[in-house]
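**Q** Have a peek at coords39.cif (mmCIF, C-alpha atoms).
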data_coords
#
loop_
_atom_site.label_atom_id
_atom_site.label_comp_id
_atom_site.auth_asym_id
_atom_site.auth_seq_id
_atom_site.Cartn_x
_atom_site.Cartn_y
_atom_site.Cartn_z
CA MET A 623 -16.95 -10.41 -14.49
CA GLY A 624 -14.40 -10.66 -17.30
CA CYS A 625 -11.28 -12.77 -17.12
CA PRO A 626 -8.52 -10.86 -15.28
CA VAL A 627 -5.83 -12.53 -17.39
CA CYS A 628 -7.16 -12.14 -20.94
CA ASP A 629 -10.34 -9.97 -20.58
CA GLY A 630 -12.39 -12.79 -22.05
CA ASN A 631 -16.10 -13.04 -21.21
CA THR A 632 -16.87 -16.60 -22.26
CA TRP A 633 -16.80 -19.29 -19.58
CA THR A 634 -17.60 -23.00 -19.73
CA LYS A 635 -18.86 -25.13 -16.85
CA LEU A 636 -16.17 -27.33 -15.34
CA LEU A 637 -17.53 -28.58 -11.99
CA VAL A 638 -20.20 -28.01 -9.40
CA VAL A 639 -18.56 -27.89 -5.97
CA ASN A 640 -20.15 -27.66 -2.52
CA ASP A 641 -18.89 -25.28 0.15
CA ILE A 642 -17.25 -27.56 2.74
CA TYR A 643 -18.85 -25.60 5.60
CA THR A 644 -22.37 -24.83 4.38
CA GLY A 645 -22.94 -27.35 1.58
CA THR A 646 -23.97 -24.53 -0.77
CA PRO A 647 -23.19 -25.48 -4.39
CA TYR A 648 -21.04 -23.24 -6.58
CA MET A 649 -20.23 -23.54 -10.24
CA VAL A 650 -16.55 -23.64 -11.21
CA GLN A 651 -16.00 -22.31 -14.73
CA ARG A 652 -13.07 -22.10 -17.15
CA CYS A 653 -12.23 -19.23 -19.49
CA THR A 654 -12.52 -20.51 -23.05
CA HIS A 655 -9.69 -18.27 -24.22
CA CYS A 656 -6.84 -18.57 -21.68
CA GLY A 657 -7.96 -21.45 -19.47
CA LEU A 658 -8.12 -19.56 -16.16
CA THR A 659 -10.67 -21.16 -13.83
CA LYS A 660 -13.00 -19.25 -11.51
CA THR A 661 -15.72 -19.81 -8.92
CA ALA A 662 -18.98 -18.13 -9.93
CA VAL A 663 -19.87 -16.06 -6.86
CA ASN A 664 -22.21 -13.27 -5.87
CA ASP A 665 -20.04 -10.19 -6.42
CA GLU A 666 -22.21 -8.16 -4.03
CA GLN A 667 -21.38 -10.35 -1.01
CA PRO A 668 -18.59 -8.77 1.11
CA SER A 669 -15.54 -10.99 0.76
CA THR A 670 -14.77 -10.86 4.48
CA ASP A 671 -18.13 -12.54 5.21
CA LEU A 672 -16.72 -15.70 3.62
CA TYR A 673 -14.15 -16.14 6.37
CA ARG A 674 -16.37 -16.98 9.31
CA TYR A 675 -16.14 -20.32 11.06
CA GLU A 676 -18.78 -21.41 13.58
CA GLY A 677 -19.92 -17.81 13.97
CA SER A 678 -16.56 -16.14 14.47
CA CYS A 679 -14.16 -14.54 12.04
CA ASP A 680 -10.89 -16.26 11.14
CA ALA A 681 -8.27 -14.09 12.81
CA GLY A 682 -5.34 -16.32 11.95
CA LYS A 683 -5.98 -19.07 14.52
CA ARG A 684 -8.03 -21.52 12.51
CA PHE A 685 -5.98 -24.63 13.10
CA VAL A 686 -5.62 -24.96 16.86
CA LEU A 687 -4.39 -28.56 16.83
CA LEU A 688 -1.54 -28.05 14.37
CA GLN A 689 -0.69 -24.41 15.02
CA ARG A 690 2.90 -25.01 16.13
CA ALA A 691 3.56 -27.58 13.42
CA LEU A 692 2.11 -25.29 10.76
CA ARG A 693 4.27 -22.41 11.91
CA ALA A 694 7.36 -24.62 11.69
CA ILE A 695 6.40 -25.70 8.17
CA GLN A 696 5.67 -22.10 7.20
CA ARG A 697 9.24 -21.19 8.08
CA THR A 698 10.31 -23.35 5.13
CA ARG A 699 8.96 -20.51 3.00
CA LEU A 700 12.23 -18.74 3.76
CA HIS A 701 13.98 -21.23 1.50
CA THR A 702 12.07 -19.94 -1.53
CA ILE A 703 13.73 -16.55 -1.20
CA ALA A 704 16.94 -16.11 -3.15
CA ALA A 705 20.08 -15.78 -1.03
CA ARG A 706 20.47 -12.07 -0.44
CA MET A 707 21.04 -9.58 2.32
CA PRO A 708 17.89 -8.85 4.34
CA GLY A 709 15.93 -5.85 3.11
CA ARG A 710 12.38 -4.57 3.24
CA ALA A 711 9.63 -7.17 2.89
CA LEU A 712 5.85 -7.04 2.44
CA ASP A 713 3.63 -10.08 3.03
CA VAL A 714 0.22 -9.63 1.41
CA GLY A 715 -2.48 -11.48 3.37
CA CYS A 716 -0.11 -12.08 6.27
CA GLY A 717 -2.54 -14.08 8.45
CA ASP A 718 -1.19 -14.48 11.97
CA GLY A 719 2.12 -12.85 10.99
CA SER A 720 4.26 -15.97 11.56
CA PHE A 721 6.10 -15.66 8.24
CA LEU A 722 6.81 -11.99 8.90
CA ALA A 723 8.10 -12.86 12.37
CA ALA A 724 10.46 -15.42 10.81
CA LEU A 725 11.70 -12.79 8.35
CA ALA A 726 12.24 -10.31 11.18
CA GLN A 727 14.43 -12.85 12.95
CA GLN A 728 16.56 -12.95 9.80
CA GLY A 729 16.99 -9.16 9.93
CA TRP A 730 14.27 -8.08 7.47
CA ASP A 731 12.30 -4.86 7.88
CA ILE A 732 8.79 -6.30 7.68
CA PHE A 733 5.30 -5.12 6.76
CA GLY A 734 2.02 -6.96 6.16
CA THR A 735 -1.51 -6.47 4.88
CA GLU A 736 -4.90 -8.05 5.55
CA LEU A 737 -8.32 -7.28 4.12
CA SER A 738 -10.24 -6.78 7.37
CA THR A 739 -9.49 -5.54 10.85
CA SER A 740 -10.78 -8.69 12.53
CA ILE A 741 -8.60 -10.96 10.41
CA ALA A 742 -5.57 -8.72 10.98
CA THR A 743 -5.95 -8.71 14.76
CA THR A 744 -3.68 -11.67 15.52
CA ALA A 745 -0.77 -10.32 13.48
CA GLN A 746 -1.22 -6.81 14.88
CA LEU A 747 -0.87 -8.13 18.43
CA CYS A 748 2.70 -9.12 17.52
CA LEU A 749 3.62 -6.60 14.83
CA GLY A 750 1.54 -3.54 15.65
CA ASP A 751 1.05 -0.89 12.99
CA ARG A 752 3.31 -2.71 10.56
CA VAL A 753 0.21 -4.68 9.57
CA HIS A 754 -2.06 -2.54 7.37
CA VAL A 755 -5.73 -3.22 6.69
CA GLY A 756 -7.23 -3.02 3.21
CA PRO A 757 -6.59 -4.02 -0.40
CA LEU A 758 -2.92 -3.77 -1.35
CA GLU A 759 -3.56 -1.32 -4.19
CA LYS A 760 -5.33 1.12 -1.82
CA ILE A 761 -2.81 1.23 1.04
CA GLY A 762 -0.40 3.62 -0.66
CA PHE A 763 3.09 2.28 -0.12
CA ALA A 764 5.80 4.21 -1.98
CA PRO A 765 6.92 2.83 -5.36
CA ALA A 766 10.02 0.61 -5.50
CA SER A 767 10.09 0.49 -1.70
CA PHE A 768 10.35 -3.28 -1.14
CA ASP A 769 12.97 -5.91 -1.88
CA LEU A 770 10.42 -8.70 -1.46
CA VAL A 771 6.63 -8.94 -1.87
CA THR A 772 4.95 -12.25 -1.08
CA PHE A 773 1.49 -13.74 -1.69
CA TRP A 774 1.28 -17.02 0.23
CA HIS A 775 -1.99 -18.64 -0.91
CA VAL A 776 -3.66 -15.24 -1.15
CA LEU A 777 -3.98 -14.47 -4.86
CA GLU A 778 -6.71 -17.08 -5.37
CA HIS A 779 -8.87 -15.28 -2.77
CA LEU A 780 -8.74 -11.81 -4.31
CA GLU A 781 -11.51 -10.29 -6.37
CA HIS A 782 -8.98 -8.63 -8.68
CA PRO A 783 -5.75 -10.66 -8.61
CA THR A 784 -4.06 -8.82 -11.46
CA LEU A 785 -4.61 -5.47 -9.72
CA ALA A 786 -2.71 -6.84 -6.74
CA LEU A 787 0.11 -8.20 -8.94
CA THR A 788 0.34 -4.91 -10.79
CA GLU A 789 0.64 -3.08 -7.48
CA ALA A 790 3.31 -5.56 -6.35
CA ARG A 791 5.23 -4.75 -9.54
CA ARG A 792 5.01 -1.07 -8.66
CA LEU A 793 6.19 -1.64 -5.11
CA VAL A 794 9.11 -4.00 -5.73
CA LYS A 795 12.59 -2.72 -6.55
CA ALA A 796 14.15 -3.42 -9.94
CA ASP A 797 16.26 -6.25 -8.46
CA GLY A 798 13.55 -7.44 -6.06
CA GLN A 799 11.34 -10.51 -5.98
CA VAL A 800 7.62 -11.21 -5.97
CA VAL A 801 6.81 -14.70 -4.66
CA VAL A 802 3.35 -16.17 -5.32
CA ALA A 803 2.04 -19.49 -4.01
CA VAL A 804 -1.35 -20.86 -5.13
CA PRO A 805 -3.07 -24.25 -5.43
CA ASN A 806 -2.56 -25.92 -8.80
CA ILE A 807 -5.82 -26.70 -10.61
CA ASP A 808 -3.82 -28.87 -13.05
CA SER A 809 -2.33 -30.99 -10.26
CA LEU A 810 -2.62 -34.75 -9.94
CA GLN A 811 -4.62 -34.41 -6.72
CA ALA A 812 -7.06 -31.99 -8.36
CA ARG A 813 -7.73 -34.54 -11.06
CA LEU A 814 -7.97 -37.47 -8.64
CA PHE A 815 -10.50 -35.82 -6.34
CA ALA A 816 -12.34 -33.52 -8.79
CA SER A 817 -15.17 -31.72 -6.96
CA ASP A 818 -13.95 -33.16 -3.63
CA TRP A 819 -10.50 -31.54 -3.96
CA LEU A 820 -9.85 -29.59 -0.77
CA HIS A 821 -8.06 -26.68 -2.46
CA LEU A 822 -11.07 -25.71 -4.55
CA ASP A 823 -12.41 -24.31 -1.24
CA VAL A 824 -15.35 -22.53 -2.84
CA PRO A 825 -16.40 -19.75 -2.54
CA ARG A 826 -13.31 -18.47 -0.69
CA HIS A 827 -11.07 -19.43 -3.60
CA ARG A 828 -12.38 -17.24 -6.38
CA TRP A 829 -9.67 -18.15 -8.90
CA HIS A 830 -7.98 -21.48 -9.62
CA PHE A 831 -4.59 -21.12 -11.28
CA SER A 832 -2.37 -23.49 -13.22
CA PRO A 833 1.32 -22.81 -13.95
CA ARG A 834 0.30 -21.56 -17.40
CA THR A 835 -2.43 -19.17 -16.26
CA LEU A 836 -0.39 -17.85 -13.33
CA SER A 837 2.52 -17.19 -15.72
CA ALA A 838 0.13 -15.38 -18.06
CA ALA A 839 -1.20 -13.26 -15.19
CA ALA A 840 2.36 -12.34 -14.18
CA ASP A 841 3.26 -11.44 -17.76
CA ARG A 842 0.23 -9.16 -18.00
CA CYS A 843 1.46 -7.36 -14.87
CA HIS A 844 4.98 -6.87 -16.28
CA LEU A 845 6.56 -9.58 -14.16
CA ARG A 846 8.72 -12.38 -15.56
CA VAL A 847 8.93 -15.90 -14.18
CA GLU A 848 12.29 -16.68 -12.61
CA SER A 849 11.47 -20.10 -11.14
CA ILE A 850 8.58 -22.44 -10.34
CA ARG A 851 8.44 -25.00 -7.55
CA HIS A 852 5.82 -27.74 -7.60
CA PHE A 853 6.13 -29.26 -4.12
CA SER A 854 4.68 -27.81 -0.93
CA LEU A 855 4.92 -29.75 2.32
CA GLU A 856 2.57 -27.17 3.79
CA TYR A 857 -0.27 -27.63 1.28
CA GLY A 858 0.38 -30.78 -0.75
CA PRO A 859 0.19 -34.07 1.19
CA PHE A 860 -2.60 -33.00 3.56
CA ALA A 861 -4.95 -32.31 0.64
CA ILE A 862 -4.43 -35.91 -0.49
CA ILE A 863 -5.22 -37.24 2.98
CA GLN A 864 -8.35 -35.09 3.12
CA GLY A 865 -9.32 -36.18 -0.39
CA VAL A 866 -9.13 -39.84 0.63
CA ALA A 867 -11.23 -39.13 3.74
CA THR A 868 -13.87 -37.43 1.61
CA LYS A 869 -13.95 -40.23 -0.94
CA ILE A 870 -14.58 -42.88 1.75
CA GLY A 871 -17.49 -40.93 3.19
CA LEU A 872 -15.96 -38.91 6.04
CA GLY A 873 -16.57 -35.58 4.34
CA HIS A 874 -14.29 -32.59 4.97
CA SER A 875 -14.62 -32.83 8.75
CA LEU A 876 -10.88 -33.33 9.32
CA TYR A 877 -10.08 -29.96 7.76
CA ALA A 878 -13.31 -28.09 8.46
CA ARG A 879 -13.83 -29.14 12.08
CA LEU A 880 -11.31 -31.38 13.82
CA MET A 881 -8.20 -29.32 13.12
CA ARG A 882 -9.90 -26.32 14.72
CA LEU A 883 -10.53 -27.98 18.07
CA PRO A 884 -8.28 -27.73 21.14
CA PRO A 885 -6.79 -31.10 22.20
CA SER A 886 -9.01 -31.35 25.30
CA GLN A 887 -12.10 -31.23 23.12
CA LEU A 888 -10.64 -33.19 20.24
CA ILE A 889 -10.18 -36.42 22.19
CA ARG A 890 -13.91 -36.44 23.00
CA GLU A 891 -14.82 -36.37 19.30
CA ARG A 892 -15.79 -39.73 17.83
CA LEU A 893 -14.73 -38.51 14.38
CA PHE A 894 -11.18 -37.97 15.64
CA TRP A 895 -10.82 -41.65 16.53
CA VAL A 896 -12.27 -42.61 13.14
CA HIS A 897 -9.71 -40.42 11.37
CA LEU A 898 -6.73 -41.52 13.46
CA PRO A 899 -6.07 -44.87 11.69
CA LEU A 900 -6.69 -43.18 8.33
CA LEU A 901 -3.98 -40.62 9.13
CA ALA A 902 -1.58 -43.38 10.15
CA ILE A 903 -2.18 -45.31 6.93
CA THR A 904 -2.17 -42.44 4.43
CA ALA A 905 0.43 -39.96 5.75
CA ALA A 906 3.60 -41.48 4.26
CA PRO A 907 2.00 -42.57 0.93
CA SER A 908 0.54 -39.07 0.53
CA VAL A 909 3.96 -37.45 0.88
CA LEU A 910 5.43 -39.94 -1.60
CA LEU A 911 2.62 -39.45 -4.11
CA GLU A 912 2.94 -35.68 -3.86
CA LEU A 913 6.71 -35.86 -4.39
CA VAL A 914 6.20 -37.95 -7.54
CA ALA A 915 3.51 -35.55 -8.78
CA ALA A 916 5.81 -32.58 -8.15
CA LEU A 917 8.59 -34.22 -10.17
CA CYS A 918 6.09 -34.38 -13.04
CA ASN A 919 5.14 -30.71 -12.50
CA ARG A 920 1.76 -31.80 -11.18
CA GLY A 921 2.12 -30.98 -7.49
CA GLY A 922 -0.85 -29.67 -5.54
CA ALA A 923 0.63 -26.18 -5.18
CA ILE A 924 2.71 -23.79 -7.28
CA VAL A 925 5.36 -21.53 -5.75
CA MET A 926 6.41 -19.03 -8.41
CA THR A 927 9.22 -16.50 -8.07
CA LEU A 928 8.81 -13.42 -10.23
CA ARG A 929 11.06 -10.50 -11.14
CA PRO A 930 10.17 -7.12 -12.64
CA LYS A 931 10.59 -7.00 -16.41
#
Would you put the structure from the file into structure tokens?
**A**
Amino acid sequence: MGCPVCDGNTWTKLLVVNDIYTGTPYMVQRCTHCGLTKTAVNDEQPSTDLYRYEGSCDAGKRFVLLQRALRAIQRTRLHTIAARMPGRALDVGCGDGSFLAALAQQGWDIFGTELSTSIATTAQLCLGDRVHVGPLEKIGFAPASFDLVTFWHVLEHLEHPTLALTEARRLVKADGQVVVAVPNIDSLQARLFASDWLHLDVPRHRWHFSPRTLSAAADRCHLRVESIRHFSLEYGPFAIIQGVATKIGLGHSLYARLMRLPPSQLIRERLFWVHLPLLAITAAPSVLLELVAALCNRGGAIVMTLRPK
């Protein structure tokens, strides 16, 4: 597959990374022309097959232990939206619909999309037919019909990210916003942990953006960068904690297993009690380190606000 940002076809090997669930190795490659990074995957494998955990599909309830805390943190996404009267909003890859529910409480007319029916189920229980199933570019919303289109850690999963951004440009009004959040492959934590960096998440993350390559993708889709944020409480510090756990030999079990267990089962897990002192020791330093990295434009995640050209 050619590069979606520059159409280049020459890639160089960057890393070999193991799937944190199956251990299957995947090659991570970088475009020699524009620098966009990708996971080399089998294009014939249905993308929805990648989102199965212990035999069941992720329907938006992956993190049982921290579900309430995560929803509270996700509400901070509202602060990335410019002060404006509520309008019509579309959340691409809306997960369990918690961000859309927060927007609705602010008076927004909300809609969402997900790629498969099983993954969309949780959001549809709350939002009904306002959650559409399928690729954004195939759903058929009317042009210039939204004041806000958001991609919260979705673009890196898509087979054709620039098709989705181009469709977002078509859907957003002339004075509207497109907000994109992705992991930052040029972050300090990515460099510290290399192939053990949590946010590589191969093969589910097909593309690995930096501020430069995400800006180039936006430009190709006739969107201009209005602002970039480099700190994410939702995605930044935890990846450092998980990176430390991996480096000292605990693997990715905190993220891949323990966070998915209900409390009654969690307390019976020996690994939980091993991780507990690690969490106590690393939580505050991880937040501090991520804040410093963000000040240097090297935070673990990018939140980019775009406007139509």
**Q** Do you have the atom CA of Met707 of chain A-atom CA of Leu747 of chain A distance handy?
**A**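 Pair atom CA of Met707 of chain A / atom CA of Leu747 of chain A returns 27.2 Å.
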**Q** Applying 7 Å and all atoms listed in the file, which residues near Trp633 of chain A remain after dropping the ones on its own chain fewer than 3 positions away? List them as a list of chain:residue names.
**A**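 Skipping anything fewer than 3 positions along the chain leaves A:Gln651, A:Arg652, A:Cys653, A:Thr654.
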**Q** Residues at most 6 Å from His830 of chain A, counting all atoms listed in the file, excluding those fewer than 5 positions away in the same chain, as a PDB file with C-alpha atoms, in the coordinates of the input?
**A**
ATOM      1  CA  THR A 659     -10.670 -21.160 -13.830  1.00  0.00           C
ATOM      2  CA  LYS A 660     -13.000 -19.250 -11.510  1.00  0.00           C
ATOM      3  CA  ILE A 807      -5.820 -26.700 -10.610  1.00  0.00           C
TER       4      ILE A 807
END
**Q** Pull out every residue that the PyMOL selection byres ((chain A and resi 629) around 12) matches in the shown coordinates and put them as a list in words.
**A**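 Written out, the selection comes to Met623, Gly624, Cys625, Pro626, Val627, Cys628, Gly630, Asn631, Thr632, Trp633, Cys653, Thr654, His655, Cys656, Gly657, Leu658, Thr784, Ala839 and Arg842 of chain A.
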**Q** Name the closest residue to His897 of chain A among the candidates A:Ser809, A:Gln864, A:Thr788, A:Thr644; distances are taken between atoms, counting only C-alpha atoms.
**A** A:Gln864
